[in-house]
file entry30.txt (compact mmCIF, C-alpha atoms)
# COMPACT_ATOMS: atom_id res chain seq x y z
CA MET Y 1 0.00 0.00 0.00
CA ASN Y 2 1.22 3.52 -0.79
CA THR Y 3 2.95 5.21 2.17
CA THR Y 4 0.93 8.40 1.77
CA VAL Y 5 -2.31 6.41 1.93
CA ILE Y 6 -1.11 4.58 5.05
CA TYR Y 7 -0.31 7.84 6.83
CA GLY Y 8 -3.64 9.26 5.69
CA ILE Y 9 -5.44 6.30 7.28
CA ILE Y 10 -3.39 6.72 10.48
CA PHE Y 11 -4.29 10.43 10.54
CA VAL Y 12 -8.00 9.60 10.36
CA ILE Y 13 -7.68 6.93 13.07
CA LEU Y 14 -5.87 9.32 15.42
CA LEU Y 15 -8.39 12.06 14.67
CA VAL Y 16 -11.24 9.74 15.67
CA VAL Y 17 -9.33 8.70 18.81
CA GLU Y 18 -8.78 12.35 19.77
CA LEU Y 19 -12.46 13.19 19.28
CA ALA Y 20 -13.38 10.16 21.40
CA TYR Y 21 -11.08 11.44 24.16
CA PHE Y 22 -12.83 14.81 24.04
CA LYS Y 23 -16.14 13.06 24.72
CA ILE Y 24 -14.62 11.26 27.71
CA ALA Y 25 -12.89 14.41 29.02
CA ASP Y 26 -16.10 16.42 28.72
CA LYS Y 27 -18.14 13.76 30.50
CA CYS Y 28 -15.53 13.27 33.26
CA ASN Y 29 -14.96 17.01 33.68
CA ILE Y 30 -11.25 16.85 32.77
CA ILE Y 31 -10.90 20.58 32.24
CA ASP Y 32 -8.46 23.44 32.73
CA LYS Y 33 -9.94 26.41 34.57
CA PRO Y 34 -8.18 29.76 34.12
CA ASN Y 35 -6.57 31.57 37.06
CA GLU Y 36 -4.38 34.64 37.50
CA ARG Y 37 -1.32 32.67 36.31
CA SER Y 38 -3.01 31.36 33.16
CA SER Y 39 -2.61 32.66 29.62
CA HIS Y 40 -6.19 31.67 28.75
CA SER Y 41 -9.52 33.04 29.94
CA THR Y 42 -12.00 30.27 29.16
CA ILE Y 43 -12.50 26.69 30.38
CA VAL Y 44 -10.73 24.25 28.04
CA LEU Y 45 -10.52 20.44 27.92
CA ARG Y 46 -7.26 19.15 29.36
CA GLY Y 47 -5.16 16.15 28.35
CA GLY Y 48 -5.65 16.25 24.57
CA GLY Y 49 -1.92 15.54 24.29
CA VAL Y 50 -2.65 11.93 25.25
CA ILE Y 51 -2.75 11.46 21.48
CA PHE Y 52 1.07 11.60 21.42
CA ALA Y 53 1.38 8.43 23.49
CA LEU Y 54 -1.58 6.82 21.75
CA SER Y 55 0.08 7.42 18.38
CA THR Y 56 2.87 5.02 19.44
CA LEU Y 57 0.24 2.34 20.10
CA VAL Y 58 -1.10 2.92 16.59
CA TRP Y 59 2.49 2.54 15.34
CA ILE Y 60 2.70 -0.84 17.10
CA VAL Y 61 -0.46 -1.99 15.29
CA TYR Y 62 0.97 -0.60 12.05
CA GLN Y 63 4.17 -2.62 12.47
CA GLY Y 64 2.25 -5.72 13.47
CA ALA Y 65 0.02 -5.45 10.40
CA PHE Y 66 3.15 -5.76 8.25
CA GLY Y 67 4.60 -8.60 10.34
CA SER Y 68 7.33 -6.48 11.95
CA TRP Y 69 6.78 -7.54 15.56
CA SER Y 70 10.52 -7.98 16.09
CA ILE Y 71 10.95 -4.21 15.64
CA VAL Y 72 8.26 -3.58 18.23
CA PHE Y 73 10.09 -5.83 20.71
CA ASP Y 74 13.25 -3.78 20.10
CA TYR Y 75 11.36 -0.72 21.35
CA LEU Y 76 9.53 -2.51 24.17
CA PRO Y 77 11.41 -1.03 27.18
CA PHE Y 78 10.91 2.50 25.82
CA LEU Y 79 7.24 1.85 25.05
CA SER Y 80 6.72 0.46 28.56
CA GLY Y 81 8.33 3.59 30.02
CA LEU Y 82 6.14 5.80 27.85
CA ILE Y 83 2.95 4.06 28.95
CA LEU Y 84 4.03 4.41 32.59
CA ILE Y 85 4.97 8.08 32.43
CA ALA Y 86 1.97 9.04 30.28
CA GLY Y 87 -0.43 7.05 32.46
CA VAL Y 88 0.76 8.68 35.68
CA SER Y 89 0.68 12.11 34.01
CA LEU Y 90 -2.89 11.55 32.81
CA VAL Y 91 -3.97 10.64 36.34
CA ASP Y 92 -2.18 13.79 37.56
CA ASP Y 93 -4.17 15.84 35.02
CA ILE Y 94 -7.38 14.44 36.47
CA ARG Y 95 -6.43 14.48 40.15
CA THR Y 96 -3.23 16.05 41.46
CA LEU Y 97 -0.69 13.44 42.57
CA PRO Y 98 2.13 13.91 45.11
CA ASP Y 99 5.42 15.07 43.60
CA SER Y 100 7.09 11.91 44.91
CA VAL Y 101 4.77 9.65 42.88
CA ARG Y 102 5.37 11.59 39.68
CA LEU Y 103 9.15 11.70 40.17
CA VAL Y 104 9.40 7.97 40.91
CA ALA Y 105 7.41 7.20 37.76
CA GLN Y 106 9.60 9.56 35.72
CA PHE Y 107 12.86 8.03 36.97
CA VAL Y 108 11.61 4.47 36.40
CA ALA Y 109 10.39 5.37 32.90
CA MET Y 110 13.70 7.09 32.11
CA GLY Y 111 15.56 4.02 33.37
CA LEU Y 112 13.57 1.88 30.92
CA MET Y 113 14.46 4.31 28.14
CA PHE Y 114 18.16 4.13 29.06
CA TRP Y 115 17.93 0.33 29.04
CA ASN Y 116 16.48 0.50 25.53
CA LEU Y 117 19.29 2.87 24.47
CA GLY Y 118 21.92 0.46 25.82
CA MET Y 119 23.18 2.95 28.38
CA MET Y 120 22.75 0.80 31.47
CA HIS Y 121 25.87 -1.16 30.59
CA LEU Y 122 28.18 1.83 30.72
CA GLU Y 123 31.06 1.29 33.17
CA LEU Y 124 30.86 4.88 34.42
CA TRP Y 125 27.75 4.34 36.56
CA TRP Y 126 27.87 7.89 37.86
CA VAL Y 127 27.47 9.18 34.29
CA VAL Y 128 24.27 7.13 33.97
CA ILE Y 129 22.91 8.59 37.23
CA LEU Y 130 23.81 12.12 36.13
CA ALA Y 131 22.19 11.53 32.73
CA LEU Y 132 19.03 10.25 34.46
CA ILE Y 133 18.80 13.41 36.56
CA VAL Y 134 19.44 15.65 33.55
CA CYS Y 135 16.86 13.86 31.37
CA VAL Y 136 14.16 13.89 34.07
CA GLY Y 137 14.91 17.59 34.53
CA ALA Y 138 14.69 18.16 30.77
CA THR Y 139 11.34 16.34 30.68
CA ASN Y 140 9.96 18.67 33.33
CA ILE Y 141 11.39 21.77 31.64
CA ILE Y 142 9.57 20.79 28.44
CA ASN Y 143 6.46 20.19 30.56
CA PHE Y 144 6.75 23.68 32.06
CA MET Y 145 7.25 25.21 28.60
CA ASP Y 146 3.54 25.32 27.98
CA GLY Y 147 0.72 27.74 28.62
CA ILE Y 148 -0.03 29.29 25.24
CA ASN Y 149 -1.85 27.70 22.33
CA GLY Y 150 0.26 25.61 19.99
CA ILE Y 151 3.60 25.95 21.79
CA THR Y 152 3.99 22.27 22.76
CA ALA Y 153 2.87 20.80 19.44
CA GLY Y 154 4.46 23.50 17.29
CA TYR Y 155 7.85 23.22 18.97
CA SER Y 156 7.64 19.42 18.81
CA LEU Y 157 7.27 19.63 15.04
CA ALA Y 158 10.33 21.90 14.94
CA VAL Y 159 12.25 19.10 16.67
CA LEU Y 160 10.78 16.01 15.00
CA ILE Y 161 11.02 17.20 11.38
CA PRO Y 162 14.79 17.94 11.58
CA LEU Y 163 15.20 14.54 13.25
CA LEU Y 164 13.45 12.98 10.25
CA LEU Y 165 15.80 14.86 7.90
CA ILE Y 166 18.86 13.68 9.86
CA ASN Y 167 17.55 10.12 9.90
CA ASN Y 168 17.31 10.08 6.10
CA ARG Y 169 20.83 11.54 5.74
CA MET Y 170 22.47 8.88 7.91
CA PRO Y 171 24.24 5.91 6.27
CA GLU Y 172 22.19 3.75 8.64
CA GLN Y 173 18.99 5.07 10.17
CA PHE Y 174 19.14 5.43 13.95
CA VAL Y 175 15.37 5.08 14.40
CA MET Y 176 12.48 3.71 12.36
CA ASN Y 177 11.22 6.31 9.89
CA SER Y 178 7.70 4.98 10.45
CA PHE Y 179 7.99 5.71 14.19
CA LEU Y 180 8.97 9.31 13.47
CA GLY Y 181 6.26 9.58 10.83
CA VAL Y 182 3.42 8.32 13.02
CA THR Y 183 4.58 10.56 15.90
CA ILE Y 184 4.50 13.59 13.58
CA VAL Y 185 1.01 12.63 12.42
CA GLY Y 186 -0.12 12.48 16.06
CA VAL Y 187 1.27 15.95 16.68
CA LEU Y 188 -0.48 17.30 13.57
CA VAL Y 189 -3.81 15.88 14.78
CA PHE Y 190 -3.36 17.69 18.09
CA CYS Y 191 -2.47 20.91 16.23
CA ILE Y 192 -5.94 20.93 14.65
CA PHE Y 193 -7.47 21.52 18.07
CA ASN Y 194 -4.73 23.50 19.82
CA PHE Y 195 -2.70 25.51 17.29
CA ARG Y 196 -5.24 28.33 17.33
CA PRO Y 197 -5.48 31.97 18.42
CA LYS Y 198 -6.08 32.73 22.09
CA GLY Y 199 -9.53 31.67 23.21
CA LYS Y 200 -10.01 29.33 20.25
CA ALA Y 201 -8.25 26.18 21.50
CA LYS Y 202 -10.46 23.11 21.84
CA CYS Y 203 -8.04 21.41 24.22
CA PHE Y 204 -4.70 21.71 26.02
CA ALA Y 205 -1.95 19.10 26.01
CA GLY Y 206 -1.93 18.59 29.77
CA ASP Y 207 0.96 16.91 31.59
CA VAL Y 208 0.20 13.70 29.70
CA GLY Y 209 0.88 15.52 26.44
CA SER Y 210 3.89 17.67 27.28
CA ILE Y 211 5.66 14.99 29.34
CA GLY Y 212 4.72 12.30 26.84
CA ILE Y 213 6.11 14.14 23.82
CA ALA Y 214 9.19 15.18 25.83
CA PHE Y 215 9.84 11.51 26.62
CA ILE Y 216 9.43 10.56 22.95
CA MET Y 217 11.73 13.34 21.70
CA LEU Y 218 14.42 12.55 24.29
CA PHE Y 219 14.31 8.89 23.24
CA ILE Y 220 14.75 9.71 19.55
CA ILE Y 221 17.54 12.21 20.24
CA GLY Y 222 19.09 9.64 22.59
CA LYS Y 223 19.09 7.10 19.75
CA LEU Y 224 20.85 9.67 17.56
CA VAL Y 225 23.44 10.52 20.22
CA MET Y 226 24.19 6.84 20.87
CA ALA Y 227 24.47 6.13 17.14
CA THR Y 228 26.88 9.03 16.50
CA SER Y 229 28.55 9.40 19.94
CA ASP Y 230 27.89 13.13 19.48
CA ILE Y 231 26.07 14.82 22.37
CA THR Y 232 25.89 18.14 20.48
CA TYR Y 233 22.71 16.88 18.80
CA LEU Y 234 20.99 18.16 21.94
CA ILE Y 235 21.04 21.44 19.99
CA LEU Y 236 17.72 20.22 18.56
CA LEU Y 237 16.20 21.31 21.90
CA LEU Y 238 18.28 24.48 22.34
CA VAL Y 239 15.60 27.19 22.15
CA TYR Y 240 13.43 25.51 24.79
CA GLY Y 241 16.54 24.72 26.80
CA VAL Y 242 17.75 28.32 26.96
CA ASP Y 243 14.32 29.75 27.85
CA GLY Y 244 13.57 26.99 30.35
CA VAL Y 245 16.92 26.95 32.18
CA LEU Y 246 17.36 30.73 32.31
CA THR Y 247 13.80 31.18 33.54
CA ILE Y 248 14.48 28.68 36.34
CA CYS Y 249 17.65 30.62 37.21
CA HIS Y 250 15.63 33.85 37.27
CA ARG Y 251 13.03 32.33 39.57
CA ILE Y 252 15.74 31.03 41.90
CA MET Y 253 17.16 34.57 42.07
CA LEU Y 254 13.65 35.77 43.02
CA HIS Y 255 13.46 33.05 45.73
CA GLU Y 256 10.30 31.59 44.20
CA ASN Y 257 8.91 28.12 44.70
CA LEU Y 258 9.84 26.33 41.45
CA GLY Y 259 6.86 24.00 41.80
CA GLU Y 260 4.31 26.81 41.56
CA ALA Y 261 2.77 27.92 38.25
CA HIS Y 262 4.08 31.17 36.80
CA ARG Y 263 4.12 33.38 33.68
CA LYS Y 264 7.81 34.30 33.49
CA HIS Y 265 8.98 32.51 30.35
CA ALA Y 266 9.94 34.84 27.52
CA TYR Y 267 7.11 33.54 25.32
CA GLN Y 268 4.62 34.12 28.15
CA LEU Y 269 5.71 37.75 28.42
CA MET Y 270 5.22 38.07 24.67
CA ALA Y 271 1.72 36.57 24.77
CA ASN Y 272 0.48 38.13 28.01
CA GLU Y 273 2.22 41.43 28.66
CA LEU Y 274 3.07 42.39 25.07
CA LYS Y 275 -0.25 41.03 23.73
CA ILE Y 276 1.37 39.24 20.80
CA GLY Y 277 -0.93 36.53 19.40
CA HIS Y 278 -0.39 32.96 20.58
CA VAL Y 279 0.04 31.65 17.05
CA LYS Y 280 2.65 34.33 16.28
CA VAL Y 281 4.66 33.58 19.43
CA THR Y 282 4.53 29.84 18.81
CA SER Y 283 5.59 30.38 15.20
CA LEU Y 284 8.55 32.47 16.38
CA TYR Y 285 9.79 29.63 18.60
CA MET Y 286 9.26 27.14 15.81
CA VAL Y 287 11.18 29.27 13.31
CA LEU Y 288 14.05 29.93 15.73
CA GLN Y 289 14.52 26.24 16.56
CA THR Y 290 14.13 25.20 12.92
CA MET Y 291 16.74 27.74 11.77
CA VAL Y 292 19.19 26.62 14.46
CA SER Y 293 18.63 22.95 13.59
CA LEU Y 294 18.83 23.34 9.80
CA GLY Y 295 22.00 25.41 10.13
CA PHE Y 296 23.48 22.64 12.24
CA ILE Y 297 22.44 19.97 9.72
CA TYR Y 298 23.21 21.66 6.40
CA ILE Y 299 25.70 24.50 7.07
CA CYS Y 300 27.89 23.38 9.96
CA PRO Y 301 30.75 21.06 8.84
CA ASP Y 302 30.17 17.51 10.00
CA ASN Y 303 32.89 17.14 12.63
CA VAL Y 304 32.92 17.27 16.42
CA VAL Y 305 34.89 20.53 16.75
CA CYS Y 306 32.60 22.47 14.41
CA HIS Y 307 29.54 20.96 16.07
CA TRP Y 308 30.69 22.22 19.48
CA MET Y 309 31.58 25.65 18.08
CA TYR Y 310 28.15 25.95 16.48
CA LEU Y 311 26.38 24.77 19.65
CA VAL Y 312 28.27 27.16 21.93
CA GLY Y 313 27.81 30.06 19.50
CA ALA Y 314 24.06 29.48 19.16
CA LEU Y 315 23.76 29.08 22.94
CA ILE Y 316 25.50 32.42 23.59
CA VAL Y 317 23.38 34.28 21.03
CA LEU Y 318 20.10 32.91 22.37
CA ALA Y 319 21.11 33.50 26.00
CA ILE Y 320 22.04 37.13 25.29
CA ALA Y 321 18.77 37.65 23.40
CA TYR Y 322 16.82 36.19 26.33
CA VAL Y 323 18.56 38.39 28.93
CA LEU Y 324 18.13 41.57 26.86
CA PHE Y 325 14.45 40.78 26.26
CA LYS Y 326 13.83 40.19 29.97
CA LYS Y 327 15.68 43.38 30.94
CA LYS Y 328 13.51 45.41 28.60
CA TYR Y 329 10.09 43.91 29.26
CA TYR Y 330 10.07 42.07 32.62
CA HIS Y 331 8.89 45.22 34.39
CA LEU Y 332 5.54 44.70 32.65
CA HIS Y 333 5.14 41.39 34.42
CA GLU Y 334 6.02 43.00 37.75
CA GLU Y 335 3.30 45.59 37.12
CA TYR Y 336 0.86 42.75 36.40
CA LEU Y 337 1.75 41.01 39.67
CA ALA Y 338 1.37 44.32 41.54
CA SER Y 339 -2.10 44.76 40.03
CA LEU Y 340 -3.12 41.33 41.40
CA GLY Y 341 -2.16 42.49 44.88
CA THR Y 342 -4.46 45.50 44.64
CA LYS Y 343 -7.53 43.51 43.66
call {"tool": "encode", "arguments": {"input": "entry30.txt", "output": "structure tokens"}}
result
Amino acid sequence: MNTTVIYGIIFVILLVVELAYFKIADKCNIIDKPNERSSHSTIVLRGGGVIFALSTLVWIVYQGAFGSWSIVFDYLPFLSGLILIAGVSLVDDIRTLPDSVRLVAQFVAMGLMFWNLGMMHLELWWVVILALIVCVGATNIINFMDGINGITAGYSLAVLIPLLLINNRMPEQFVMNSFLGVTIVGVLVFCIFNFRPKGKAKCFAGDVGSIGIAFIMLFIIGKLVMATSDITYLILLLVYGVDGVLTICHRIMLHENLGEAHRKHAYQLMANELKIGHVKVTSLYMVLQTMVSLGFIYICPDNVVCHWMYLVGALIVLAIAYVLFKKKYYHLHEEYLASLGTK
């Protein structure tokens, strides 16, 4: 059967699954109510990002239909970790769970991913522990990088599409093209209901969506890093990384509780204080990450030294841009917080 037809069928299946979830979420009152920290003003269904994890189950059926169960078994530890982390996150979207429960699930799921990547056999055990902490932290940073329409799905496309391009340039593919393809289709289905102007979103990703897609992207990038022994491919997450890490640093300087919701990310200032449309802000982040990634793939010479020079250079430029932006516009957020205190 033609590949385009297959992906078209998968798109329809995932669309039906997403609509079915909406019925369940509406009936079970799985909703996101706005508060003073929110970037939305209407009640919206939560957890629509469950489609990211469900797309992998559709991929399993797709592989099985063509008799490729051995490939599915090769991904089994990762898939088990994804089901665990997505399942716990979905429950957390419905009823808040203790931080300890979520963290245990995330570390166990990440351990299963590392097992799948072949990292558990590394002699430097302390490197594995450090990598576990970093990856769980990265998962939560990606989870926190949400709050405006389209940002999770749009940025995911800006990561997954370059990964697909890299996969097809490699002498030997580091991950199944079909896995990348079905994941992208799942993200596109979610975009139909979320990549919309403020007030128009049908659903939000929820923790199940943002943590689920973070887990998937880290697995695929991990496969690439292990195949090439080149950690600089983490540049595919650089824009989120700079905003997320520097915002955490800023909040630490302000002595804030990092577990509490906030509106201090650069994109949140753009959408809330500067009143730039959600779709425009999301598109900016997508374009920035895509430009950085395509430059790395097609312009940067393919050797370790040049990769590191490109990564460090891009990191410095983005960090300076972030700091200058915050210096110029953060006072608007302070005025907003002051207005809350007077109400």
call {"tool": "closest_atom_pairs", "arguments": {"input": "entry30.txt", "of": "region 174-246 of chain Y", "to": "region 258-275 of chain Y", "cutoff": "9 Å", "atoms": "only C-alpha atoms", "output": "tab-separated table"}}
result
residue	atom	partner	partner_atom	distance
Y:Asp243	CA	Y:His265	CA	6.5
Y:Gly244	CA	Y:His265	CA	7.2
Y:Leu246	CA	Y:His265	CA	8.8
call {"tool": "atom_distance", "arguments": {"input": "entry30.txt", "atom1": "CA of Val175 (chain Y)", "atom2": "CA of Gly47 (chain Y)"}}
result
27.2 Å
call {"tool": "atom_distance", "arguments": {"input": "entry30.txt", "atom1": "CA of Leu132 (chain Y)", "atom2": "CA of Thr56 (chain Y)"}}
result
22.7 Å
call {"tool": "residues_around", "arguments": {"input": "entry30.txt", "residues": "Met176 (chain Y)", "least_positions_apart": "6", "cutoff": "10 Å", "atoms": "all atoms listed in the file", "output": "PyMOL selection string"}}
result
chain Y and resi 71+164+167+220
call {"tool": "atom_distance", "arguments": {"input": "entry30.txt", "atom1": "CA of Asn116 (chain Y)", "atom2": "CA of Pro77 (chain Y)"}}
result
5.5 Å
call {"tool": "residues_around", "arguments": {"input": "entry30.txt", "residues": "region 151-158 of chain Y", "least_positions_apart": "3", "cutoff": "7 Å", "atoms": "all atoms listed in the file", "output": "number ranges by chain"}}
result
Y: 146, 148, 161-162, 184, 187, 191, 210, 282, 285-286, 289-290
call {"tool": "closest_residue", "arguments": {"input": "entry30.txt", "among": "Y:Ala131, Y:Met113, Y:Leu103, Y:Val44", "to": "Asp74 (chain Y)", "atoms": "all atoms listed in the file"}}
result
Y:Met113
call {"tool": "residues_around", "arguments": {"input": "entry30.txt", "residues": "Val91 (chain Y)", "least_positions_apart": "5", "cutoff": "10 Å", "atoms": "only C-alpha atoms", "output": "ChimeraX atom specification"}}
result
/Y:47,86,96-97,102,207-208
call {"tool": "closest_atom_pairs", "arguments": {"input": "entry30.txt", "of": "region 114-205 of chain Y", "to": "region 224-227 of chain Y", "cutoff": "9 Å", "atoms": "only C-alpha atoms", "output": "Markdown table"}}
result
| residue | atom | partner | partner_atom | distance |
| --- | --- | --- | --- | --- |
| Y:Leu117 | CA | Y:Met226 | CA | 7.3 |
| Y:Gly118 | CA | Y:Met226 | CA | 8.4 |
| Y:Met119 | CA | Y:Met226 | CA | 8.5 |
| Y:Leu163 | CA | Y:Leu224 | CA | 8.6 |
| Y:Ile166 | CA | Y:Leu224 | CA | 8.9 |
| Y:Asn167 | CA | Y:Leu224 | CA | 8.4 |
| Y:Gln173 | CA | Y:Leu224 | CA | 8.9 |
| Y:Phe174 | CA | Y:Leu224 | CA | 5.8 |
| Y:Val175 | CA | Y:Leu224 | CA | 7.8 |
call {"tool": "write_last_selection", "arguments": {"input": "entry30.txt", "atoms": "C-alpha atoms", "output": "short mmCIF file (atom, residue, chain, number, x, y, z; two decimals), in the coordinates of the input"}}
result
data_model
loop_
_atom_site.label_atom_id
_atom_site.label_comp_id
_atom_site.auth_asym_id
_atom_site.auth_seq_id
_atom_site.Cartn_x
_atom_site.Cartn_y
_atom_site.Cartn_z
CA LEU Y 117 19.29 2.87 24.47
CA GLY Y 118 21.92 0.46 25.82
CA MET Y 119 23.18 2.95 28.38
CA LEU Y 163 15.20 14.54 13.25
CA ILE Y 166 18.86 13.68 9.86
CA ASN Y 167 17.55 10.12 9.90
CA GLN Y 173 18.99 5.07 10.17
CA PHE Y 174 19.14 5.43 13.95
CA VAL Y 175 15.37 5.08 14.40
#
call {"tool": "closest_residue", "arguments": {"input": "entry30.txt", "among": "Y:Val17, Y:Ile43, Y:Leu160, Y:Val61", "to": "Ile213 (chain Y)", "atoms": "all atoms listed in the file"}}
result
Y:Leu160
call {"tool": "closest_atom_pairs", "arguments": {"input": "entry30.txt", "of": "region 183-290 of chain Y", "to": "region 1-8 of chain Y", "cutoff": "12 Å", "atoms": "only C-alpha atoms", "output": "Markdown table"}}
result
| residue | atom | partner | partner_atom | distance |
| --- | --- | --- | --- | --- |
| Y:Thr183 | CA | Y:Tyr7 | CA | 10.7 |
| Y:Ile184 | CA | Y:Tyr7 | CA | 10.1 |
| Y:Val185 | CA | Y:Tyr7 | CA | 7.5 |
| Y:Gly186 | CA | Y:Tyr7 | CA | 10.3 |
| Y:Leu188 | CA | Y:Tyr7 | CA | 11.6 |
| Y:Val189 | CA | Y:Gly8 | CA | 11.2 |
call {"tool": "closest_residue", "arguments": {"input": "entry30.txt", "among": "Y:Ala65, Y:Leu236, Y:Asn149, Y:Asn168", "to": "Gly222 (chain Y)", "atoms": "all atoms listed in the file"}}
result
Y:Leu236
call {"tool": "residues_around", "arguments": {"input": "entry30.txt", "residues": "region 20-28 of chain Y", "least_positions_apart": "2", "cutoff": "12 Å", "atoms": "only C-alpha atoms", "output": "VMD selection string"}}
result
chain Y and resid 13 to 18 30 to 32 43 to 51 54 90 93 to 95 190 193 202 to 206
call {"tool": "closest_residue", "arguments": {"input": "entry30.txt", "among": "Y:Asp92, Y:Ile216, Y:Ile192, Y:Phe107", "to": "Ile133 (chain Y)", "atoms": "all atoms listed in the file"}}
result
Y:Phe107
